[in-house]
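Report on one structure; see the data block that follows.
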Protein chains: 2
Amino acid sequence: MSGAPALSFADVEAAAARIAGQAVVTPLIESPALSERLGVRCLLKLETLQRVGAFKFRGAYNRLAQLSPDERKRGVVAFSSGNHAQGVALAARLLGMPALIVMPADAPAIKVAATGGYGAEIRPYDRLSESREAIAAQIAAERGAVLVPAFDDPMIVAGQGTVGLEMVRQAEAIGARLDLVAAPASGGGLLAGISLAVKALSPATELWAVEPAGFEDLRQSLEAGERVTIKPQGRSLCDALESPFPGEITFPILKRNLAGAAAVTDAEVAEAMRYAFATLKLVVEPGGAAALAALLAGKLKPRGAVGVVLSGANVDPDLYARVIRGEL
Amino acid sequence: MSGAPALSFADVEAAAARIAGQAVVTPLIESPALSERLGVRCLLKLETLQRVGAFKFRGAYNRLAQLSPDERKRGVVAFSSGNHAQGVALAARLLGMPALIVMPADAPAIKVAATGGYGAEIRPYDRLSESREAIAAQIAAERGAVLVPAFDDPMIVAGQGTVGLEMVRQAEAIGARLDLVAAPASGGGLLAGISLAVKALSPATELWAVEPAGFEDLRQSLEAGERVTIKPQGRSLCDALESPFPGEITFPILKRNLAGAAAVTDAEVAEAMRYAFATLKLVVEPGGAAALAALLAGKLKPRGAVGVVLSGANVDPDLYARVIRGEL
């Protein structure tokens, strides 16, 4: 953030006005069964029902809507394992500009197909031998296109923050005050944005991040007081949550606003996906179920009224079938 | 209805007051992707998110809440392939009375397990060799328990009608007037109830029933002008929609209020379940997806703003896995 003007709640409010009528105001629902199980009132924010099946559309649309006519003509470039890819692709289509997305060759097929379906050009890359940053930067330079980061951008963060703004207002509308809010974390864009809104509207609310076990760069960074880059050993079931470091823009906000970060194993995530299928009747992708998993597994201590973000639902049918059959 | 006082919108309003705070006010959501595909604004009523995973809780709770202290002591008996079973079981638990449910031995395991999980006693029966009506009547007589029909009961119909009441009001709240409402039909309790509310609040709205192909007793009855009982050849994927006749109480209401009845094949239902998984990110059981299937398959002509009830989501993981993998 060196030198950059600090992001504030006003940016989230401006984003909310910008995405109104384009993003879905997703429901905040209470599942009596879940509340009974956790022993507290639990409100679920269904970003699974957002356009493109994940919250990422909010930030992408907020960012792309602010491009100049000239920038729009040259279009945008992004790199993403899938949800940001779809968010940028759809926002670009709605705003009438070309988009190219650099995606890992092993990204979930449903995410690749959807991204192409929104009209974006896709450039696959090999996770092990190629640098997506370098590829995207080169293409952006060649085309004069704007590179749209997945989380480390003020307008992306402000856009994701509208999730928190809606949660607080929707909770109020049903007579609830959120004592704790939990959301999945990768680069931290969603939680940084949410925290701007929640801390402005409801300062006493405690905010928790949930990461996949083995990808605890945020927990380590919070403990160290500075950004830590981890070297992951292997992969996580949560394909959307594999960032090895929190963002340069997101971390100072998270450091200020988070109560802490919890971690969940693949088995706990799979169990949460099964719970969402069998009891909540909601499709949730692995990364999207991380915060729910932390609550169900007792990794977070619920108190008062709890808000949980189900952040995405883009999961390949084969993987989903294996999870609900208990094979994973 | 011979001699019985006619059901009216006032009964639905009374039911709404009775179930308030117990039933979930389920969201009415718009999926931009679905609206774009159908070329009309499409609003989905998510009874999949209702308690017990289906609208049936509404009617059951409305019925059981009106039992006398004496009746409550002796408890209730019902027969059902699954969703009414769960509705009665949970309503009985919440109201502190015993429940026994007569269920087919081949009912979906998830429905049997959930019914037992709500504390009901389960009496399995064989579809081919036993009469569930006779078994239930005998047990009710032995125990002095009240028999709770799945659809042919005024208070069950009034309870299900709260779905329609909420739909009209929720649509208004987002500036939409429903031109057409479609819902799955078996005995007709859901649609009869919905029609009482919708025709009272929005008389110009057209109402359509959707049945499984081969179980078109309602279409045949509407054409004949009187209740027709069919002899089904085989089973439907829609285990919740296999009633061979419309109800004695529901049919006169349906005859007065419906524009017609469409039919969908198993393949069309499976396709709608896949669409709900991949695009809407909602778990929907076969019968619950019938109205959506009719729209996606072009069996209903959408116009203006369309309201579609996704009526239930209790589906066994193995069947669901096969459907989303395209094996069904």
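Following the order of the structure tokens, first chain is A, next is B, and so on, with residues numbered from 1 inside each chain and ligands from 1 in the order they appear.
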Practice problem: Would you please extract all strand (DSSP E) residues from stretch 93-284 of chain A, as assigned by DSSP on the backbone, and give them as JSON, numbers by chain? | Solution: {"A": [99, 100, 101, 102, 103, 104, 121, 122, 123, 124, 125, 146, 147, 180, 181, 182, 183, 184, 206, 207, 208, 209, 210, 211, 212, 260, 261, 262, 263, 264]}
Would you mind exporting N, CA, C and O atoms of the selected residues as a short mmCIF file (atom, residue, chain, number, x, y, z; two decimals), in the first residue's frame?
data_model
loop_
_atom_site.label_atom_id
_atom_site.label_comp_id
_atom_site.auth_asym_id
_atom_site.auth_seq_id
_atom_site.Cartn_x
_atom_site.Cartn_y
_atom_site.Cartn_z
N ALA A 99 -11.32 -10.43 -23.60
CA ALA A 99 -10.61 -10.90 -22.41
C ALA A 99 -9.79 -12.13 -22.77
O ALA A 99 -10.25 -12.98 -23.54
N LEU A 100 -8.57 -12.20 -22.24
CA LEU A 100 -7.75 -13.41 -22.37
C LEU A 100 -7.38 -13.87 -20.97
O LEU A 100 -6.95 -13.07 -20.14
N ILE A 101 -7.58 -15.16 -20.73
CA ILE A 101 -7.28 -15.67 -19.39
C ILE A 101 -6.22 -16.76 -19.47
O ILE A 101 -6.34 -17.70 -20.25
N VAL A 102 -5.19 -16.60 -18.66
CA VAL A 102 -4.13 -17.60 -18.54
C VAL A 102 -4.55 -18.56 -17.43
O VAL A 102 -4.69 -18.17 -16.28
N MET A 103 -4.80 -19.83 -17.82
CA MET A 103 -5.32 -20.81 -16.85
C MET A 103 -4.42 -22.04 -16.80
O MET A 103 -3.92 -22.48 -17.83
N PRO A 104 -4.25 -22.62 -15.62
CA PRO A 104 -3.45 -23.85 -15.53
C PRO A 104 -4.08 -24.95 -16.37
O PRO A 104 -5.31 -25.08 -16.43
N GLU A 121 -10.81 -15.69 -24.42
CA GLU A 121 -9.77 -16.52 -25.03
C GLU A 121 -8.99 -17.16 -23.88
O GLU A 121 -8.75 -16.51 -22.86
N ILE A 122 -8.62 -18.43 -24.02
CA ILE A 122 -7.92 -19.11 -22.92
C ILE A 122 -6.51 -19.51 -23.36
O ILE A 122 -6.32 -20.09 -24.43
N ARG A 123 -5.53 -19.18 -22.52
CA ARG A 123 -4.15 -19.58 -22.77
C ARG A 123 -3.76 -20.53 -21.63
O ARG A 123 -3.54 -20.09 -20.50
N PRO A 124 -3.72 -21.84 -21.92
CA PRO A 124 -3.33 -22.78 -20.87
C PRO A 124 -1.83 -22.68 -20.59
O PRO A 124 -1.06 -22.33 -21.48
N TYR A 125 -1.43 -22.99 -19.36
CA TYR A 125 0.00 -23.04 -19.05
C TYR A 125 0.25 -24.22 -18.12
O TYR A 125 -0.69 -24.72 -17.47
N VAL A 146 -5.09 -4.36 -20.20
CA VAL A 146 -4.95 -4.16 -18.75
C VAL A 146 -4.91 -5.53 -18.07
O VAL A 146 -5.75 -6.39 -18.32
N LEU A 147 -3.92 -5.71 -17.19
CA LEU A 147 -3.83 -6.94 -16.41
C LEU A 147 -4.71 -6.79 -15.17
O LEU A 147 -4.57 -5.83 -14.41
N LEU A 180 -19.70 -13.12 14.68
CA LEU A 180 -18.52 -13.70 14.04
C LEU A 180 -18.82 -13.90 12.56
O LEU A 180 -19.92 -14.34 12.21
N VAL A 181 -17.86 -13.56 11.72
CA VAL A 181 -17.99 -13.84 10.29
C VAL A 181 -16.77 -14.64 9.86
O VAL A 181 -15.63 -14.30 10.20
N ALA A 182 -17.02 -15.73 9.12
CA ALA A 182 -15.92 -16.58 8.62
C ALA A 182 -16.02 -16.72 7.12
O ALA A 182 -17.12 -16.89 6.58
N ALA A 183 -14.88 -16.66 6.46
CA ALA A 183 -14.85 -16.80 5.00
C ALA A 183 -13.54 -17.48 4.59
O ALA A 183 -12.54 -17.39 5.30
N PRO A 184 -13.57 -18.16 3.45
CA PRO A 184 -12.34 -18.79 2.95
C PRO A 184 -11.33 -17.73 2.53
O PRO A 184 -11.71 -16.64 2.10
N GLU A 206 -16.28 -10.23 15.03
CA GLU A 206 -14.97 -10.88 14.88
C GLU A 206 -14.88 -11.52 13.50
O GLU A 206 -15.81 -12.20 13.07
N LEU A 207 -13.75 -11.34 12.84
CA LEU A 207 -13.58 -11.89 11.48
C LEU A 207 -12.51 -12.97 11.45
O LEU A 207 -11.40 -12.76 11.93
N TRP A 208 -12.86 -14.10 10.85
CA TRP A 208 -11.92 -15.22 10.76
C TRP A 208 -11.73 -15.66 9.31
O TRP A 208 -12.69 -15.76 8.55
N ALA A 209 -10.48 -15.93 8.99
CA ALA A 209 -10.15 -16.52 7.69
C ALA A 209 -10.02 -18.02 7.86
O ALA A 209 -9.64 -18.51 8.92
N VAL A 210 -10.35 -18.76 6.80
CA VAL A 210 -10.12 -20.21 6.82
C VAL A 210 -9.32 -20.59 5.59
O VAL A 210 -9.70 -20.27 4.45
N GLU A 211 -8.19 -21.27 5.83
CA GLU A 211 -7.29 -21.70 4.76
C GLU A 211 -7.23 -23.23 4.71
O GLU A 211 -7.52 -23.89 5.70
N PRO A 212 -6.80 -23.77 3.59
CA PRO A 212 -6.56 -25.22 3.56
C PRO A 212 -5.30 -25.53 4.37
O PRO A 212 -4.33 -24.78 4.33
N GLY A 260 -8.14 -13.88 13.40
CA GLY A 260 -7.21 -14.97 13.20
C GLY A 260 -7.55 -15.79 11.97
O GLY A 260 -8.47 -15.46 11.23
N ALA A 261 -6.76 -16.85 11.76
CA ALA A 261 -6.97 -17.74 10.61
C ALA A 261 -6.96 -19.19 11.09
O ALA A 261 -6.08 -19.59 11.86
N ALA A 262 -7.96 -19.95 10.66
CA ALA A 262 -8.03 -21.38 10.98
C ALA A 262 -7.68 -22.17 9.73
O ALA A 262 -7.66 -21.62 8.62
N ALA A 263 -7.39 -23.45 9.91
CA ALA A 263 -7.04 -24.30 8.76
C ALA A 263 -7.89 -25.56 8.77
O ALA A 263 -8.22 -26.09 9.83
N VAL A 264 -8.25 -26.04 7.57
CA VAL A 264 -9.06 -27.26 7.46
C VAL A 264 -8.39 -28.25 6.51
O VAL A 264 -7.78 -27.86 5.52
#
Next on the checklist: Please return, as a VMD selection string, all residues of stretch 170-242 of chain A that DSSP assigns to helix (DSSP H, G or I) on the basis of the backbone.
Outcome noted: chain A and resid 170 to 173 189 to 201 217 to 224 239 to 241
Self-check item: Residue list for chain B near chain A as a PyMOL selection string, 8 Å, only C-alpha atoms
Solution: chain B and resi 24+27+29-33+48-49+51+53+277-284+313-314+317-318+320-322+324-325
Dump as a PDB file, in the first residue's frame, selection limited to N, CA and C atoms:
ATOM      1  N   VAL B  24     -39.097 -22.074   7.030  1.00  0.00           N
ATOM      2  CA  VAL B  24     -38.180 -21.087   6.453  1.00  0.00           C
ATOM      3  C   VAL B  24     -38.931 -20.282   5.391  1.00  0.00           C
ATOM      4  N   PRO B  27     -35.913 -18.342  -0.151  1.00  0.00           N
ATOM      5  CA  PRO B  27     -35.644 -17.254  -1.104  1.00  0.00           C
ATOM      6  C   PRO B  27     -36.345 -17.464  -2.453  1.00  0.00           C
ATOM      7  N   ILE B  29     -35.245 -16.459  -6.004  1.00  0.00           N
ATOM      8  CA  ILE B  29     -34.033 -15.902  -6.611  1.00  0.00           C
ATOM      9  C   ILE B  29     -34.153 -15.831  -8.128  1.00  0.00           C
ATOM     10  N   GLU B  30     -33.393 -14.909  -8.685  1.00  0.00           N
ATOM     11  CA  GLU B  30     -33.301 -14.848 -10.140  1.00  0.00           C
ATOM     12  C   GLU B  30     -31.916 -15.328 -10.553  1.00  0.00           C
ATOM     13  N   SER B  31     -31.868 -16.258 -11.477  1.00  0.00           N
ATOM     14  CA  SER B  31     -30.603 -16.658 -12.065  1.00  0.00           C
ATOM     15  C   SER B  31     -30.489 -15.961 -13.409  1.00  0.00           C
ATOM     16  N   PRO B  32     -29.549 -14.987 -13.526  1.00  0.00           N
ATOM     17  CA  PRO B  32     -29.405 -14.305 -14.814  1.00  0.00           C
ATOM     18  C   PRO B  32     -29.149 -15.292 -15.957  1.00  0.00           C
ATOM     19  N   ALA B  33     -28.408 -16.365 -15.662  1.00  0.00           N
ATOM     20  CA  ALA B  33     -28.104 -17.346 -16.716  1.00  0.00           C
ATOM     21  C   ALA B  33     -29.378 -18.032 -17.200  1.00  0.00           C
ATOM     22  N   THR B  48     -36.367 -26.195  -1.969  1.00  0.00           N
ATOM     23  CA  THR B  48     -35.262 -27.110  -1.657  1.00  0.00           C
ATOM     24  C   THR B  48     -34.572 -26.693  -0.358  1.00  0.00           C
ATOM     25  N   LEU B  49     -34.663 -25.400  -0.017  1.00  0.00           N
ATOM     26  CA  LEU B  49     -34.022 -24.903   1.200  1.00  0.00           C
ATOM     27  C   LEU B  49     -34.985 -24.879   2.380  1.00  0.00           C
ATOM     28  N   ARG B  51     -37.156 -26.452   5.512  1.00  0.00           N
ATOM     29  CA  ARG B  51     -36.869 -27.504   6.498  1.00  0.00           C
ATOM     30  C   ARG B  51     -37.286 -28.842   5.925  1.00  0.00           C
ATOM     31  N   GLY B  53     -35.968 -30.184   3.541  1.00  0.00           N
ATOM     32  CA  GLY B  53     -35.575 -30.221   2.130  1.00  0.00           C
ATOM     33  C   GLY B  53     -36.724 -30.297   1.158  1.00  0.00           C
ATOM     34  N   PHE B 277     -27.423 -28.347 -11.034  1.00  0.00           N
ATOM     35  CA  PHE B 277     -26.097 -28.579 -10.451  1.00  0.00           C
ATOM     36  C   PHE B 277     -25.056 -27.651 -11.070  1.00  0.00           C
ATOM     37  N   ALA B 278     -24.986 -27.643 -12.390  1.00  0.00           N
ATOM     38  CA  ALA B 278     -23.866 -26.983 -13.065  1.00  0.00           C
ATOM     39  C   ALA B 278     -24.037 -25.472 -13.159  1.00  0.00           C
ATOM     40  N   THR B 279     -25.261 -25.007 -13.300  1.00  0.00           N
ATOM     41  CA  THR B 279     -25.474 -23.577 -13.538  1.00  0.00           C
ATOM     42  C   THR B 279     -26.112 -22.882 -12.336  1.00  0.00           C
ATOM     43  N   LEU B 280     -27.161 -23.490 -11.777  1.00  0.00           N
ATOM     44  CA  LEU B 280     -27.833 -22.852 -10.637  1.00  0.00           C
ATOM     45  C   LEU B 280     -27.114 -23.135  -9.330  1.00  0.00           C
ATOM     46  N   LYS B 281     -26.342 -24.222  -9.280  1.00  0.00           N
ATOM     47  CA  LYS B 281     -25.607 -24.637  -8.076  1.00  0.00           C
ATOM     48  C   LYS B 281     -26.557 -25.047  -6.963  1.00  0.00           C
ATOM     49  N   LEU B 282     -27.665 -25.651  -7.355  1.00  0.00           N
ATOM     50  CA  LEU B 282     -28.665 -26.098  -6.392  1.00  0.00           C
ATOM     51  C   LEU B 282     -28.879 -27.599  -6.527  1.00  0.00           C
ATOM     52  N   VAL B 283     -28.953 -28.269  -5.389  1.00  0.00           N
ATOM     53  CA  VAL B 283     -29.323 -29.676  -5.381  1.00  0.00           C
ATOM     54  C   VAL B 283     -30.847 -29.744  -5.504  1.00  0.00           C
ATOM     55  N   VAL B 284     -31.326 -30.490  -6.482  1.00  0.00           N
ATOM     56  CA  VAL B 284     -32.772 -30.659  -6.662  1.00  0.00           C
ATOM     57  C   VAL B 284     -33.038 -32.143  -6.899  1.00  0.00           C
ATOM     58  N   ALA B 313     -35.457 -31.523  -2.533  1.00  0.00           N
ATOM     59  CA  ALA B 313     -34.043 -31.814  -2.808  1.00  0.00           C
ATOM     60  C   ALA B 313     -33.550 -33.057  -2.090  1.00  0.00           C
ATOM     61  N   ASN B 314     -34.453 -33.973  -1.767  1.00  0.00           N
ATOM     62  CA  ASN B 314     -34.027 -35.171  -1.049  1.00  0.00           C
ATOM     63  C   ASN B 314     -33.727 -36.294  -2.032  1.00  0.00           C
ATOM     64  N   PRO B 317     -27.347 -39.854  -2.688  1.00  0.00           N
ATOM     65  CA  PRO B 317     -26.077 -39.468  -3.320  1.00  0.00           C
ATOM     66  C   PRO B 317     -25.743 -40.330  -4.539  1.00  0.00           C
ATOM     67  N   ASP B 318     -26.014 -41.625  -4.475  1.00  0.00           N
ATOM     68  CA  ASP B 318     -25.662 -42.496  -5.609  1.00  0.00           C
ATOM     69  C   ASP B 318     -26.452 -42.117  -6.859  1.00  0.00           C
ATOM     70  N   TYR B 320     -27.860 -39.215  -7.426  1.00  0.00           N
ATOM     71  CA  TYR B 320     -27.437 -37.872  -7.833  1.00  0.00           C
ATOM     72  C   TYR B 320     -26.115 -37.930  -8.600  1.00  0.00           C
ATOM     73  N   ALA B 321     -25.196 -38.748  -8.090  1.00  0.00           N
ATOM     74  CA  ALA B 321     -23.889 -38.894  -8.756  1.00  0.00           C
ATOM     75  C   ALA B 321     -24.082 -39.404 -10.185  1.00  0.00           C
ATOM     76  N   ARG B 322     -24.965 -40.383 -10.339  1.00  0.00           N
ATOM     77  CA  ARG B 322     -25.205 -40.929 -11.687  1.00  0.00           C
ATOM     78  C   ARG B 322     -25.812 -39.860 -12.602  1.00  0.00           C
ATOM     79  N   ILE B 324     -25.540 -36.467 -12.387  1.00  0.00           N
ATOM     80  CA  ILE B 324     -24.637 -35.371 -12.788  1.00  0.00           C
ATOM     81  C   ILE B 324     -23.500 -35.867 -13.672  1.00  0.00           C
ATOM     82  N   ARG B 325     -23.211 -37.172 -13.587  1.00  0.00           N
ATOM     83  CA  ARG B 325     -22.205 -37.742 -14.496  1.00  0.00           C
ATOM     84  C   ARG B 325     -22.797 -38.056 -15.862  1.00  0.00           C
TER      85      ARG B 325
END
Practice item. Quick one: everything within 12 Å of A:Ala240, counting only C-alpha atoms, minus sequence neighbours fewer than 2 positions away in the same chain. Send it as number ranges by chain. Key: A: 54-56, 80-85, 104, 107-108, 111, 150, 184-188, 211-212, 215, 235-238, 242-244, 285-290, 311-315
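Note that the spacing between atom CA of B:Ala136 and atom CA of B:Gly161 amounts to 25.7 Å.
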Determine, counting only C-alpha atoms, which protein, DNA and RNA residues have an atom within 12 Å of an atom of B:Cys42; residues of the same chain fewer than 3 positions away are not included. Present the result as a PyMOL selection string. chain B and resi 28-39+45+171+176-182+291-292+295-296+302-309
* Asked: Between atom CA of B:Gln160 and atom CA of B:Ala16, what is the distance, to one decimal in Å?
  ->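 Rounded to one decimal, the two atoms are 9.4 Å apart.
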The distance between atom CA of B:Phe79 and atom CA of B:Ala10 is 27.9 Å
